[in-house]
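Engineer: Here you go, work25.txt (compact mmCIF, C-alpha atoms):
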# COMPACT_ATOMS: atom_id res chain seq x y z
CA MET A 1 33.33 -1.42 14.44
CA GLU A 2 32.72 -0.45 10.81
CA GLN A 3 29.96 2.10 10.35
CA ARG A 4 26.81 0.30 9.22
CA TYR A 5 25.92 2.90 6.59
CA PHE A 6 27.42 5.19 3.97
CA ASN A 7 27.32 8.87 4.79
CA ASN A 8 24.50 10.38 2.76
CA PRO A 9 26.11 12.44 -0.05
CA TYR A 10 22.90 14.21 -1.07
CA GLU A 11 21.39 17.50 0.06
CA ASP A 12 17.89 17.08 1.41
CA TYR A 13 14.83 18.33 -0.45
CA LYS A 14 14.68 22.12 -0.71
CA GLY A 15 11.51 22.65 -2.74
CA GLN A 16 12.93 21.90 -6.18
CA HIS A 17 11.05 20.09 -8.96
CA VAL A 18 11.10 16.33 -8.41
CA GLU A 19 10.70 13.76 -11.16
CA VAL A 20 11.58 10.09 -11.46
CA ASP A 21 14.14 9.43 -14.21
CA GLU A 22 12.25 6.54 -15.80
CA ASN A 23 15.02 5.72 -18.29
CA TYR A 24 17.52 5.33 -15.45
CA VAL A 25 15.10 3.16 -13.49
CA ARG A 26 14.23 0.91 -16.44
CA ASN A 27 17.86 0.43 -17.38
CA LEU A 28 18.77 -0.50 -13.81
CA ILE A 29 15.87 -2.95 -13.69
CA LYS A 30 17.08 -4.62 -16.89
CA THR A 31 20.64 -4.79 -15.53
CA TYR A 32 19.51 -6.40 -12.29
CA VAL A 33 17.18 -8.87 -14.01
CA GLN A 34 19.94 -9.97 -16.36
CA GLN A 35 22.29 -10.52 -13.39
CA ILE A 36 19.62 -12.48 -11.53
CA VAL A 37 18.85 -14.81 -14.44
CA GLU A 38 22.51 -15.38 -15.28
CA ASN A 39 23.44 -16.25 -11.70
CA THR A 40 20.49 -18.37 -10.58
CA GLN A 41 20.34 -20.96 -13.34
CA SER A 42 20.88 -23.88 -10.98
CA GLY A 43 18.14 -22.85 -8.56
CA ASP A 44 18.44 -23.03 -4.77
CA SER A 45 17.98 -25.66 -2.09
CA ARG A 46 14.92 -24.11 -0.43
CA GLY A 47 12.72 -22.24 -2.86
CA ASP A 48 11.15 -19.84 -0.35
CA LEU A 49 10.12 -16.22 -0.75
CA TYR A 50 12.75 -14.76 1.53
CA VAL A 51 15.90 -15.90 -0.28
CA GLY A 52 14.76 -18.58 -2.75
CA ASP A 53 13.25 -19.13 -6.18
CA ALA A 54 9.74 -18.15 -5.09
CA GLY A 55 10.99 -14.66 -4.26
CA ILE A 56 12.45 -14.27 -7.75
CA ALA A 57 9.20 -15.59 -9.20
CA PHE A 58 7.39 -12.89 -7.22
CA MET A 59 9.68 -10.28 -8.77
CA PHE A 60 8.78 -11.48 -12.27
CA LEU A 61 5.09 -11.53 -11.30
CA ARG A 62 5.47 -7.90 -10.20
CA LEU A 63 6.92 -7.06 -13.63
CA CYS A 64 3.98 -8.82 -15.31
CA GLN A 65 1.40 -6.94 -13.27
CA THR A 66 2.70 -3.54 -14.33
CA ASN A 67 2.94 -4.41 -18.04
CA GLU A 68 6.37 -2.78 -17.88
CA LEU A 69 9.40 -4.50 -19.41
CA VAL A 70 7.41 -7.73 -19.66
CA GLN A 71 8.83 -8.75 -23.02
CA GLU A 72 12.38 -7.51 -22.44
CA THR A 73 12.66 -9.47 -19.17
CA SER A 74 10.66 -12.53 -20.36
CA ALA A 75 8.69 -11.98 -17.19
CA ARG A 76 5.83 -14.40 -17.85
CA GLU A 77 8.12 -17.26 -18.85
CA ASN A 78 10.55 -16.63 -16.00
CA ALA A 79 7.80 -16.35 -13.40
CA GLN A 80 6.64 -19.85 -14.35
CA LEU A 81 10.18 -21.24 -14.49
CA TYR A 82 11.18 -20.04 -11.03
CA ILE A 83 7.94 -21.01 -9.33
CA ARG A 84 8.15 -24.54 -10.80
CA ARG A 85 11.58 -24.92 -9.27
CA ALA A 86 10.36 -23.56 -5.94
CA LYS A 87 7.44 -26.02 -5.87
CA ARG A 88 9.76 -28.95 -6.54
CA ASN A 89 11.66 -28.01 -3.39
CA ALA A 90 8.42 -27.50 -1.45
CA LYS A 91 7.43 -31.14 -1.85
CA GLN A 92 10.23 -32.38 0.40
CA TYR A 93 8.99 -30.17 3.26
CA SER A 94 5.26 -30.73 2.83
CA ARG A 95 4.92 -33.02 5.87
CA SER A 96 6.24 -30.40 8.28
CA ARG A 97 3.53 -28.44 10.08
CA ASP A 98 5.87 -25.48 10.56
CA GLU A 99 6.66 -25.42 6.83
CA ARG A 100 2.98 -25.45 5.94
CA CYS A 101 2.47 -22.36 8.13
CA ALA A 102 5.60 -20.44 7.17
CA PHE A 103 4.98 -17.73 4.58
CA LEU A 104 8.22 -15.85 3.91
CA CYS A 105 10.46 -18.79 4.81
CA GLY A 106 8.33 -21.83 3.99
CA ASN A 107 5.84 -23.58 1.79
CA ALA A 108 2.88 -21.24 2.35
CA GLY A 109 4.63 -18.43 0.53
CA ILE A 110 5.66 -20.68 -2.35
CA TYR A 111 2.10 -21.82 -2.97
CA ALA A 112 0.65 -18.30 -2.56
CA VAL A 113 2.89 -16.90 -5.29
CA SER A 114 2.23 -19.95 -7.44
CA ALA A 115 -1.51 -19.35 -7.08
CA ALA A 116 -1.12 -15.77 -8.30
CA ILE A 117 0.99 -16.88 -11.27
CA SER A 118 -1.50 -19.65 -12.10
CA ASP A 119 -4.27 -17.07 -12.05
CA LEU A 120 -2.30 -14.76 -14.33
CA MET A 121 -1.74 -17.63 -16.78
CA GLN A 122 -5.41 -18.64 -16.52
CA LYS A 123 -4.58 -22.14 -15.28
CA ALA A 124 -7.66 -22.79 -13.17
CA ASP A 125 -6.78 -26.35 -12.10
CA THR A 126 -3.27 -25.42 -10.97
CA LEU A 127 -4.64 -22.35 -9.18
CA GLN A 128 -7.00 -24.51 -7.13
CA GLN A 129 -4.22 -26.98 -6.29
CA ASP A 130 -2.01 -24.10 -5.15
CA LEU A 131 -4.76 -22.69 -2.94
CA ASN A 132 -5.42 -26.13 -1.46
CA ASN A 133 -1.72 -26.46 -0.60
CA PHE A 134 -1.63 -22.97 0.89
CA GLU A 135 -4.71 -23.67 2.98
CA GLN A 136 -3.00 -26.64 4.64
CA GLY A 137 -1.25 -24.08 6.80
CA PHE A 138 -4.46 -22.61 8.21
CA GLU A 139 -5.42 -25.31 10.70
CA ALA A 140 -1.77 -25.89 11.53
CA CYS A 141 -1.16 -22.33 12.72
CA LYS A 142 -4.54 -21.71 14.38
CA PRO A 143 -3.62 -23.16 17.83
CA VAL A 144 -2.50 -20.31 20.08
CA ASN A 145 0.92 -21.80 20.77
CA PHE A 146 1.60 -24.06 17.81
CA SER A 147 5.36 -23.45 17.97
CA ARG A 148 7.50 -23.29 21.10
CA TYR A 149 9.91 -20.95 19.26
CA GLY A 150 7.24 -18.28 18.76
CA SER A 151 3.97 -18.65 16.88
CA ASP A 152 3.20 -15.15 15.64
CA GLU A 153 6.04 -13.44 13.75
CA LEU A 154 6.21 -12.80 10.01
CA LEU A 155 8.93 -15.08 8.63
CA VAL A 156 7.64 -18.44 9.86
CA GLY A 157 4.71 -17.65 12.13
CA ARG A 158 1.02 -16.86 12.10
CA GLY A 159 1.52 -13.17 11.26
CA GLY A 160 3.26 -14.14 8.04
CA TYR A 161 0.52 -16.60 7.14
CA LEU A 162 -2.03 -13.82 7.65
CA SER A 163 -0.04 -11.55 5.32
CA GLY A 164 -0.34 -14.26 2.68
CA MET A 165 -4.12 -14.42 3.14
CA TYR A 166 -4.40 -10.66 2.80
CA TRP A 167 -2.21 -10.63 -0.30
CA LEU A 168 -4.15 -13.43 -1.99
CA ASN A 169 -7.44 -11.68 -1.22
CA LYS A 170 -6.04 -8.52 -2.81
CA THR A 171 -4.62 -10.39 -5.82
CA LEU A 172 -7.32 -12.94 -6.71
CA ARG A 173 -10.98 -12.60 -7.64
CA PRO A 174 -13.12 -13.77 -6.04
CA LYS A 175 -11.35 -13.40 -2.71
CA PRO A 176 -10.41 -16.91 -1.55
CA PHE A 177 -10.66 -16.23 2.21
CA SER A 178 -13.58 -14.98 4.24
CA GLY A 179 -13.28 -12.31 6.87
CA GLU A 180 -14.43 -14.85 9.45
CA ALA A 181 -11.52 -17.18 8.62
CA ILE A 182 -9.04 -14.33 8.94
CA ILE A 183 -10.49 -13.32 12.31
CA GLU A 184 -9.92 -16.84 13.63
CA LEU A 185 -6.18 -16.31 13.24
CA CYS A 186 -6.35 -12.75 14.56
CA GLU A 187 -8.04 -14.02 17.72
CA SER A 188 -5.23 -16.56 18.14
CA ILE A 189 -2.70 -13.72 17.85
CA VAL A 190 -4.49 -11.65 20.50
CA GLN A 191 -4.77 -14.62 22.87
CA SER A 192 -1.12 -15.50 22.31
CA GLY A 193 -0.03 -11.94 23.07
CA ARG A 194 -2.17 -11.75 26.18
CA GLN A 195 -0.93 -15.08 27.53
CA TYR A 196 2.72 -14.24 27.00
CA SER A 197 2.36 -10.74 28.44
CA LYS A 198 0.62 -12.06 31.55
CA ALA A 199 3.15 -14.85 32.06
CA LYS A 200 6.08 -12.42 31.80
CA ARG A 201 4.33 -9.58 33.66
CA CYS A 202 4.95 -7.33 30.71
CA SER A 203 3.73 -3.71 30.68
CA PHE A 204 2.41 -4.20 27.14
CA PRO A 205 -1.11 -5.70 26.93
CA LEU A 206 0.13 -7.82 23.99
CA MET A 207 3.69 -9.11 23.69
CA TYR A 208 5.36 -11.92 21.77
CA GLN A 209 8.61 -13.84 21.71
CA TYR A 210 10.69 -15.50 19.02
CA HIS A 211 13.38 -17.90 20.25
CA SER A 212 12.92 -16.42 23.76
CA THR A 213 13.57 -12.83 22.66
CA GLU A 214 10.87 -10.14 22.75
CA TYR A 215 11.65 -8.65 19.35
CA LEU A 216 10.00 -5.38 18.35
CA GLY A 217 10.75 -5.13 14.60
CA ALA A 218 8.75 -5.97 11.51
CA ALA A 219 10.33 -9.33 10.65
CA HIS A 220 10.33 -11.15 13.97
CA GLY A 221 8.56 -8.84 16.35
CA LEU A 222 5.78 -6.73 17.69
CA SER A 223 5.43 -4.11 14.95
CA GLY A 224 5.06 -6.69 12.18
CA ILE A 225 2.57 -8.76 14.17
CA MET A 226 0.49 -5.73 15.12
CA HIS A 227 0.53 -4.54 11.51
CA MET A 228 -1.19 -7.77 10.53
CA LEU A 229 -3.92 -7.19 13.13
CA LEU A 230 -4.44 -3.68 11.73
CA GLU A 231 -5.00 -5.12 8.24
CA SER A 232 -7.78 -7.38 9.51
CA PRO A 233 -11.56 -6.99 9.01
CA TRP A 234 -11.65 -5.59 12.57
CA PHE A 235 -10.23 -2.34 11.23
CA SER A 236 -11.66 -2.35 7.70
CA THR A 237 -13.73 0.54 6.35
CA ASP A 238 -15.39 -1.75 3.78
CA PRO A 239 -18.91 -2.54 5.09
CA ASN A 240 -18.97 -5.79 3.11
CA TYR A 241 -15.76 -6.98 4.78
CA ALA A 242 -15.65 -5.33 8.21
CA ILE A 243 -16.25 -7.36 11.35
CA PRO A 244 -16.76 -5.55 14.70
CA ILE A 245 -13.85 -5.92 17.09
CA PRO A 246 -14.58 -6.71 20.75
CA LYS A 247 -13.97 -3.61 22.87
CA ASP A 248 -11.40 -5.32 25.09
CA TYR A 249 -9.47 -6.46 22.02
CA GLU A 250 -9.48 -2.96 20.58
CA ALA A 251 -8.26 -1.53 23.88
CA ASP A 252 -5.40 -4.03 24.01
CA VAL A 253 -4.38 -3.28 20.42
CA ARG A 254 -4.48 0.50 20.89
CA ASN A 255 -2.65 0.41 24.23
CA THR A 256 0.03 -1.86 22.74
CA ILE A 257 0.52 0.57 19.86
CA ASP A 258 0.95 3.44 22.28
CA ALA A 259 3.33 1.49 24.50
CA PHE A 260 5.48 0.74 21.47
CA LEU A 261 5.35 4.40 20.41
CA ALA A 262 6.71 5.39 23.82
CA LEU A 263 9.90 3.45 23.02
CA GLN A 264 10.85 5.74 20.14
CA GLU A 265 14.22 7.30 20.81
CA ARG A 266 15.20 10.92 20.32
CA ASP A 267 16.88 10.14 16.99
CA GLY A 268 13.70 8.44 15.72
CA ASN A 269 14.79 4.81 16.04
CA PHE A 270 13.25 1.92 17.95
CA PRO A 271 15.02 -0.81 19.92
CA VAL A 272 15.52 -4.24 18.38
CA ALA A 273 13.99 -6.02 21.38
CA LEU A 274 12.31 -5.21 24.66
CA GLY A 275 15.02 -4.55 27.21
CA SER A 276 17.58 -3.49 24.63
CA GLU A 277 16.28 0.10 24.89
CA LYS A 278 18.37 0.41 28.06
CA LYS A 279 21.59 0.06 26.08
CA ARG A 280 23.07 3.40 25.16
CA ASN A 281 25.27 2.60 22.18
CA THR A 282 23.01 4.00 19.48
CA GLU A 283 25.53 3.28 16.71
CA LYS A 284 24.70 -0.39 17.16
CA ARG A 285 20.98 0.24 16.65
CA LEU A 286 19.59 -1.06 13.38
CA VAL A 287 17.86 1.03 10.72
CA HIS A 288 16.32 -1.83 8.75
CA TRP A 289 12.92 -3.10 7.72
CA CYS A 290 13.47 -6.21 9.83
CA HIS A 291 14.58 -4.32 12.95
CA GLY A 292 14.34 -0.65 13.81
CA ALA A 293 12.80 2.53 12.45
CA THR A 294 12.08 1.38 8.90
CA GLY A 295 9.71 -1.47 9.75
CA ALA A 296 8.02 0.69 12.39
CA ILE A 297 7.03 3.22 9.73
CA TYR A 298 4.71 0.72 8.00
CA PHE A 299 3.05 -0.13 11.31
CA PHE A 300 2.51 3.49 12.35
CA LEU A 301 1.34 4.55 8.89
CA ARG A 302 -1.35 1.87 9.14
CA ALA A 303 -2.25 3.05 12.64
CA TYR A 304 -2.45 6.65 11.40
CA GLN A 305 -4.78 5.63 8.56
CA ILE A 306 -7.09 3.80 10.96
CA PHE A 307 -7.13 6.07 14.02
CA ASN A 308 -6.32 9.42 12.34
CA ASP A 309 -4.05 10.34 15.24
CA GLN A 310 -1.28 12.78 14.32
CA LYS A 311 1.17 11.32 16.84
CA TYR A 312 1.53 8.18 14.68
CA LEU A 313 2.39 10.22 11.59
CA ASP A 314 4.80 12.31 13.66
CA ALA A 315 6.58 9.10 14.68
CA CYS A 316 6.88 8.09 11.01
CA GLN A 317 8.33 11.44 10.01
CA LYS A 318 10.85 11.34 12.84
CA ALA A 319 11.89 7.82 11.82
CA ALA A 320 12.14 8.91 8.18
CA ASP A 321 14.60 11.67 9.07
CA LEU A 322 16.83 9.05 10.72
CA ILE A 323 16.58 6.82 7.63
CA TRP A 324 17.64 9.73 5.43
CA GLU A 325 20.72 10.19 7.63
CA LYS A 326 21.68 6.54 8.27
CA GLY A 327 19.72 4.45 5.78
CA LEU A 328 22.20 4.02 2.92
CA LEU A 329 23.21 0.67 4.33
CA ARG A 330 26.42 -1.18 3.61
CA LYS A 331 24.52 -4.49 3.69
CA GLY A 332 23.52 -4.15 0.06
CA PRO A 333 20.48 -3.33 -2.06
CA GLY A 334 17.91 -5.60 -0.39
CA ILE A 335 14.53 -4.80 1.13
CA CYS A 336 15.00 -6.57 4.48
CA HIS A 337 18.22 -4.92 5.63
CA GLY A 338 19.37 -2.95 2.61
CA ILE A 339 19.00 0.35 0.82
CA THR A 340 15.78 -0.32 -1.09
CA GLY A 341 14.00 -1.48 2.06
CA ASN A 342 14.71 1.99 3.43
CA GLY A 343 13.75 3.58 0.12
CA TYR A 344 10.38 1.83 0.35
CA ALA A 345 9.69 3.63 3.65
CA PHE A 346 9.98 6.98 1.87
CA LEU A 347 7.79 5.75 -0.97
CA MET A 348 5.03 4.67 1.40
CA LEU A 349 5.22 7.97 3.28
CA PHE A 350 4.84 9.81 -0.01
CA LYS A 351 1.77 7.74 -0.92
CA VAL A 352 0.09 8.58 2.38
CA THR A 353 1.15 12.22 2.85
CA HIS A 354 1.81 13.40 -0.75
CA ASP A 355 4.81 15.24 0.67
CA VAL A 356 7.26 15.52 -2.26
CA ARG A 357 10.19 15.45 0.16
CA TYR A 358 9.68 11.70 0.57
CA LEU A 359 9.52 11.02 -3.15
CA TYR A 360 12.76 12.99 -3.53
CA ARG A 361 14.41 10.87 -0.84
CA ALA A 362 13.22 7.61 -2.43
CA ILE A 363 14.65 8.73 -5.77
CA LYS A 364 18.01 9.55 -4.21
CA PHE A 365 18.21 6.12 -2.57
CA ALA A 366 17.55 4.59 -6.00
CA GLU A 367 20.29 6.75 -7.51
CA PHE A 368 22.78 5.59 -4.90
CA LEU A 369 22.50 2.01 -6.18
CA SER A 370 24.56 3.03 -9.20
CA GLN A 371 27.16 5.06 -7.33
CA SER A 372 30.69 3.71 -7.71
CA ARG A 373 31.28 3.82 -3.97
CA PHE A 374 28.27 1.63 -3.29
CA ILE A 375 29.19 -0.85 -6.03
CA ARG A 376 32.78 -0.98 -4.80
CA GLU A 377 32.33 -1.02 -1.02
CA ALA A 378 28.91 -2.51 -0.21
CA ASN A 379 28.86 -5.91 1.43
CA VAL A 380 27.66 -8.83 -0.67
CA PRO A 381 24.60 -10.52 0.91
CA ASP A 382 24.53 -14.29 1.42
CA ARG A 383 21.82 -14.50 -1.28
CA PRO A 384 22.67 -11.50 -3.50
CA TYR A 385 19.92 -12.10 -6.09
CA SER A 386 17.06 -12.89 -3.72
CA LEU A 387 13.87 -11.00 -2.89
CA TYR A 388 14.62 -9.94 0.67
CA GLU A 389 18.42 -9.84 0.74
CA GLY A 390 19.32 -8.95 -2.83
CA THR A 391 18.54 -7.42 -6.17
CA ALA A 392 15.15 -9.08 -6.77
CA GLY A 393 13.76 -6.92 -3.98
CA ALA A 394 15.51 -3.90 -5.45
CA VAL A 395 13.75 -4.56 -8.77
CA CYS A 396 10.37 -4.49 -6.97
CA PHE A 397 11.26 -1.14 -5.40
CA LEU A 398 12.37 0.29 -8.75
CA VAL A 399 9.19 -0.92 -10.46
CA ASP A 400 7.13 0.73 -7.73
CA LEU A 401 9.09 3.95 -8.13
CA ILE A 402 7.69 4.35 -11.65
CA HIS A 403 4.25 2.95 -10.70
CA ILE A 404 3.68 4.69 -7.39
CA ASP A 405 -0.09 4.21 -7.49
CA GLN A 406 0.53 0.44 -7.21
CA ALA A 407 3.51 0.67 -4.87
CA SER A 408 3.58 -1.54 -1.79
CA PHE A 409 6.32 -3.17 0.21
CA PRO A 410 5.90 -6.90 -0.53
CA PHE A 411 3.09 -8.39 1.55
CA MET A 412 2.61 -5.31 3.79
CA ASN A 413 -0.35 -3.24 2.71
CA ILE A 414 -0.63 0.50 3.37
Please re-express this file's structure in structure tokens.

Structural biologist:
Amino acid sequence: MEQRYFNNPYEDYKGQHVEVDENYVRNLIKTYVQQIVENTQSGDSRGDLYVGDAGIAFMFLRLCQTNELVQETSARENAQLYIRRAKRNAKQYSRSRDERCAFLCGNAGIYAVSAAISDLMQKADTLQQDLNNFEQGFEACKPVNFSRYGSDELLVGRGGYLSGMYWLNKTLRPKPFSGEAIIELCESIVQSGRQYSKAKRCSFPLMYQYHSTEYLGAAHGLSGIMHMLLESPWFSTDPNYAIPIPKDYEADVRNTIDAFLALQERDGNFPVALGSEKKRNTEKRLVHWCHGATGAIYFFLRAYQIFNDQKYLDACQKAADLIWEKGLLRKGPGICHGITGNGYAFLMLFKVTHDVRYLYRAIKFAEFLSQSRFIREANVPDRPYSLYEGTAGAVCFLVDLIHIDQASFPFMNI
């Protein structure tokens, strides 16, 4: 089997001066944006955030929000162009309950990004229409088991819808969603996790399935779902937003976090799914945002911020060392299962710890994008210009590398 990653050609940080080469980053952004625009003229058949036009619109929105390269990339015009195309596709799926709930891979994400763009362009009527369309997913995903395939994960489930609510509350003023509304969905997630865990006699107080597999990663599994609970008003330090969490809920959340922590392997990775930790072939383990150590870092960083327990930060640092060794992925530049998704993990660790080692590592992962070996030998994703699989996500990472104070992996707050 082909090795999943390129051997890291760089020496690790040794205390030297570290500085982002902003000219390199800006030039690479312009190159990627030009490639994206030239190769996506005809649009796509879905429009979603994950691999469709809405994801590219989000990239242009990110460029607008930083006031960086706005004119050179025609960011405002392109954001509107791509989101219009995404919304045209959304209409054909509007009757589907699952589509109304789905954030990264459905209509909820399309309308959330459209709302943010409408707000930026000061189009109040369109903004309200977008929010109304987004809110159609709320009642649809509130029932504990609204989908037999799994109701709680990030791509199409309730956890993803919650991430959209959090992002819109962070992006828009006034906040469109009350803490009480958010808690309604959080309670559904807790009840869902309890019911499944009890039915399967699982050792975790909260556990979830997606297509009958107990995934553990950020995209489909436990760490992503739990991250969304940790972003809720239950764990907020803002007195105007915080809502007390029932003690039994808090115990279940904390005990689930610790049970997941116990699965960390000696090399720093985490299994893809519950049960897969018994398999010994570690070369087949994934070092991605969607599955494995990378996505777990966001979850444990959030837990560290809330509970101030060093063991969660230790787990992040151990995972980060693995990413440095095996994170230059052959799958391409994307943020889901590509190099910039792993670079984002370093960037978030730097924001929380201020340890320059992690900024250095993030910079080196950005540099590798222009290496001839990567350009020549990396696999081409199915959607090479998209937000999660391709260069649109890489642009977001590069923008955040020169605006670290605003940096955040899309829709996952640290």

Engineer: What does the distance from atom CA of Phe350 of chain A to atom CA of Ala362 of chain A come to in Å, to one decimal?

Structural biologist: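 Taking atom CA of Phe350 of chain A as the start and atom CA of Ala362 of chain A as the end point, the length is 9.0 Å.
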
Engineer: Neighbouring residues of Asp252 of chain A were defined as those with any atom within 9 Å, considering only C-alpha atoms; residues of the same chain fewer than 6 positions away were excluded. Please report them as a VMD selection string.

Structural biologist: chain A and resid 190 194 204 to 206

Engineer: Nearest to Gly137 of chain A among A:Ser96, A:Thr171, A:Thr353, A:Ser118, with distances taken over all atoms listed in the file: which residue is it?

Structural biologist: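 Between A:Ser96, A:Thr171, A:Thr353, A:Ser118, the residue approaching Gly137 of chain A most closely is A:Ser96.
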
Engineer: What is the distance between atom CA of Ser276 of chain A and atom CA of His288 of chain A, in Å to one decimal?

Structural biologist: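 These atoms are spaced 16.0 Å apart.
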
Engineer: Provide the atom CA of Ile402 of chain A to atom CA of Asp48 of chain A distance in Å, to one decimal place.

Structural biologist: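 Computed distance, atom CA of Ile402 of chain A to atom CA of Asp48 of chain A, equals 26.9 Å.
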
Engineer: Go through A:Ile414, A:Ala378, A:Val352, A:Cys336 and flag the residue nearest Arg302 of chain A, using only C-alpha atoms for the distances.

Structural biologist: A:Ile414

Engineer: Show me, as a list of chain:residue names, the residues that have an atom within 9 Å of Gln128 of chain A when counting all atoms listed in the file, minus same-chain residues fewer than 5 positions from it.

Structural biologist: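 Skipping anything fewer than 5 positions along the chain leaves A:Ala115, A:Ser118, A:Lys123, A:Asn133.
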